[in-house]
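Worksheet: one structure, shown below.
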Amino acid sequence: VELLLDIDKKVPFLWIGDPIRLGQILINLASNAVKFTEKGEVIIRVKLIAQHDQQHTLRFSVIDTGIGIDKDRIEQLFSPFIQMDSSITRKYGGTGLGLAISRQLTELMGGRIWLESKLNVGSQFHFTCKLTLSESEQIQIWPKQNRLKGKRALIVDDNAMAREVLADILDALSLQVTRVPDGYAALDELEKASRQGSPYDAVFLDWNIPGLNGVETAVRIANNPNITLPAAMLMVTAYDVDKFESDAHEANIKKIIAKPVDASSIHDSLMEIFFQEKAP
């Protein structure tokens, strides 16, 4: 199961609100999503949907590819001590109390919570809350003077949603982005770009891709005379970063980034590789 963070670039970083209450809701929803999803992905998504003066409404979504819920039982789930059926309780445990509490906490923050779900397809829990924008200086992830603008990046990942999330981050940093699903497609794309005189500046390789894994793909890129070697070769992995460090060094991989990726780590890694600027 892959965990993805999809935070819209329009969402400011500093807020005045109740982080404990907000965290309780997110942890409950994310824990349930992981518990009921045997394969696929869990996405935590944040969007800014309304604002009035300093008060803003954010929508948080927790989306999974799990077992789903019958539509006739959706509303019942937000009542205390309701489970889908006894077999679910035996297999996964729990009482359903967490969703009832999440509903109360959401309403205390001026929002609401709801569920969209299809049996055997997955579930999407959404909730809104009203927060006040902090008067403190906002963290600048998206720099006004962006020296990364125009650089070409290739994303290699077999998970379509993971490709899109990373592409959104790179697009917000003004990079030109291409996506491919595996190592063989990456080699073809890099050869074509080099042949056309527009080689890639950065390649983001997922480690766990079918066919050639990320390290194997990086080795083939480095040893291919028809490919202009990208300045930034980065490996993205949900696994233990330490176990790949020696292999990554031999494959000319400059950085290993742990999933779920975020804008800050991507920006800082690229700035360090291209301009030798380390984050403070």
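We name chains A, B, ... following the order of the structure tokens; residues begin at 1 in each chain, and ligands are numbered from 1 as shown.
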
Nearby residues (only C-alpha atoms) at most 6 Å from stretch 8-16 of chain A, same-chain spacing under 2 positions excluded, as number ranges by chain: A: 47-48, 132-134

task: May I have the residues within 10 Å of stretch 213-219 of chain A as a list in words, using only C-alpha atoms and disregarding those fewer than 5 positions away in the same chain?
output: Val156, Asp157, Asp182, Gly183, Tyr184, Ala186, Leu187, Val203, Phe204, Leu205, Asp206, Trp207, Asn208, Asn224, Leu229, Met233, Leu234, Met235, Val236, Thr237, Phe244, Asp247, Ala248, His249, Glu250, Ala251, Asn252 and Ile253 of chain A

Next, dump the selected residues to file, keeping only C-alpha atoms, as a PDB file, in the first residue's frame.
ATOM      1  CA  VAL A 156       9.616   6.902 -13.511  1.00  0.00           C
ATOM      2  CA  ASP A 157       6.966   5.195 -11.378  1.00  0.00           C
ATOM      3  CA  ASP A 182       8.829   1.727 -16.013  1.00  0.00           C
ATOM      4  CA  GLY A 183      12.584   1.605 -16.545  1.00  0.00           C
ATOM      5  CA  TYR A 184      12.464   0.482 -20.174  1.00  0.00           C
ATOM      6  CA  ALA A 186      12.581   5.705 -19.216  1.00  0.00           C
ATOM      7  CA  LEU A 187      15.584   4.512 -21.232  1.00  0.00           C
ATOM      8  CA  VAL A 203      15.275  11.828 -13.290  1.00  0.00           C
ATOM      9  CA  PHE A 204      13.101  10.654 -10.383  1.00  0.00           C
ATOM     10  CA  LEU A 205      13.214   6.857 -10.130  1.00  0.00           C
ATOM     11  CA  ASP A 206      10.875   4.854  -7.946  1.00  0.00           C
ATOM     12  CA  TRP A 207      12.851   1.965  -6.493  1.00  0.00           C
ATOM     13  CA  ASN A 208      10.086  -0.647  -6.639  1.00  0.00           C
ATOM     14  CA  ASN A 224      24.257   4.016 -22.025  1.00  0.00           C
ATOM     15  CA  LEU A 229      23.658  11.750 -18.199  1.00  0.00           C
ATOM     16  CA  MET A 233      19.413  11.333 -10.529  1.00  0.00           C
ATOM     17  CA  LEU A 234      17.104  10.839  -7.552  1.00  0.00           C
ATOM     18  CA  MET A 235      15.584   7.656  -6.174  1.00  0.00           C
ATOM     19  CA  VAL A 236      12.206   7.776  -4.460  1.00  0.00           C
ATOM     20  CA  THR A 237      11.326   4.888  -2.148  1.00  0.00           C
ATOM     21  CA  PHE A 244      19.951   1.572  -0.690  1.00  0.00           C
ATOM     22  CA  ASP A 247      23.847   0.755  -4.328  1.00  0.00           C
ATOM     23  CA  ALA A 248      22.631   4.274  -5.028  1.00  0.00           C
ATOM     24  CA  HIS A 249      26.130   5.733  -4.890  1.00  0.00           C
ATOM     25  CA  GLU A 250      27.430   3.177  -7.387  1.00  0.00           C
ATOM     26  CA  ALA A 251      24.488   3.952  -9.711  1.00  0.00           C
ATOM     27  CA  ASN A 252      25.268   7.707  -9.714  1.00  0.00           C
ATOM     28  CA  ILE A 253      22.103   8.499  -7.728  1.00  0.00           C
TER      29      ILE A 253
END

- prompt: What's the 8 Å shell around A:Phe60, counting only C-alpha atoms, without same-chain residues fewer than 5 positions away, as a PyMOL selection string?
  reply: chain A and resi 44-47+126-128

query: In Å, how far is it from atom CA of A:Ile63 to atom CA of A:Ser31?
result: 11.5 Å

message: I'd like to know which of A:Met161, A:Ile113, A:Ile227, A:Leu131 is closest to A:Glu191, using only C-alpha atoms.
response: A:Ile227

- request: Go through A:Ile7, A:Leu105, A:Ile256, A:Leu77 and flag the residue nearest A:Gly23, using only C-alpha atoms for the distances.
  value: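 Distance minimum relative to A:Gly23 lands on A:Leu105.
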
- prompt: Using only C-alpha atoms, which residue out of A:Leu166, A:Lys149, A:Pro210, A:Pro199 lies closest to A:Pro181?
  reply: A:Pro210

query: Quick one: DSSP strand (DSSP E or B) residues in stretch 174-239 of chain A, as an MDAnalysis selection string?
result: chainID A and resid 176:180 202:206 232:237

Distance query A:Ile266 at most 9 Å, only C-alpha atoms, self and fewer than 3 positions along chain excluded, as a PDB file with N, CA and C atoms, in the first residue's frame:
ATOM      1  N   LEU A 166       3.809  13.708  -7.738  1.00  0.00           N
ATOM      2  CA  LEU A 166       5.155  14.249  -7.916  1.00  0.00           C
ATOM      3  C   LEU A 166       5.188  15.253  -9.066  1.00  0.00           C
ATOM      4  N   ILE A 169       4.037  18.648  -7.936  1.00  0.00           N
ATOM      5  CA  ILE A 169       5.055  19.366  -7.170  1.00  0.00           C
ATOM      6  C   ILE A 169       6.087  19.979  -8.108  1.00  0.00           C
ATOM      7  N   LEU A 170       6.576  19.192  -9.062  1.00  0.00           N
ATOM      8  CA  LEU A 170       7.599  19.674  -9.988  1.00  0.00           C
ATOM      9  C   LEU A 170       7.046  20.760 -10.902  1.00  0.00           C
ATOM     10  N   ILE A 257      15.068   9.962  -1.686  1.00  0.00           N
ATOM     11  CA  ILE A 257      13.972  10.684  -1.043  1.00  0.00           C
ATOM     12  C   ILE A 257      12.936   9.672  -0.564  1.00  0.00           C
ATOM     13  N   VAL A 261       6.465  11.767  -0.635  1.00  0.00           N
ATOM     14  CA  VAL A 261       7.255  12.946  -0.974  1.00  0.00           C
ATOM     15  C   VAL A 261       6.488  14.215  -0.613  1.00  0.00           C
ATOM     16  N   ASP A 262       7.239  15.275  -0.352  1.00  0.00           N
ATOM     17  CA  ASP A 262       6.614  16.576  -0.106  1.00  0.00           C
ATOM     18  C   ASP A 262       7.402  17.635  -0.856  1.00  0.00           C
ATOM     19  N   ALA A 263       6.798  18.785  -1.042  1.00  0.00           N
ATOM     20  CA  ALA A 263       7.384  19.841  -1.858  1.00  0.00           C
ATOM     21  C   ALA A 263       8.711  20.323  -1.303  1.00  0.00           C
ATOM     22  N   SER A 269      16.294  19.214  -2.285  1.00  0.00           N
ATOM     23  CA  SER A 269      17.190  18.251  -2.934  1.00  0.00           C
ATOM     24  C   SER A 269      17.678  18.772  -4.280  1.00  0.00           C
ATOM     25  N   LEU A 270      16.780  19.340  -5.061  1.00  0.00           N
ATOM     26  CA  LEU A 270      17.168  19.860  -6.372  1.00  0.00           C
ATOM     27  C   LEU A 270      18.091  21.067  -6.252  1.00  0.00           C
ATOM     28  N   MET A 271      17.815  21.940  -5.294  1.00  0.00           N
ATOM     29  CA  MET A 271      18.674  23.116  -5.101  1.00  0.00           C
ATOM     30  C   MET A 271      20.081  22.709  -4.681  1.00  0.00           C
TER      31      MET A 271
END

- request: Might you pull out every residue within 7 Å of stretch 172-179 of chain A, with only C-alpha atoms counted and same-chain residues fewer than 4 positions away left off, and present them as a list in words?
  value: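 The residues that qualify are Trp142, Leu148, Lys149, Gly150, Lys151, Arg152, Ala153, Leu154, Ile155, Val156, Arg163, Ala167 and Asp168 of chain A.
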
task: Apply DSSP to the backbone of this structure and, from stretch 15-65 of chain A, keep only the residues in alpha helix (DSSP H); write these as a PyMOL selection string.
output: chain A and resi 19-35

Polymer residues at most 10 Å from A:Ser198, only C-alpha atoms, same-chain spacing of 6 or more positions, as a PyMOL selection string: chain A and resi 152+190+192+228

- prompt: Pick the closest to A:Asp201 from A:Pro225, A:Phe274, A:Val180, A:Glu38: which is it, counting only C-alpha atoms?
  reply: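 The answer is A:Phe274, which sits nearest to A:Asp201.
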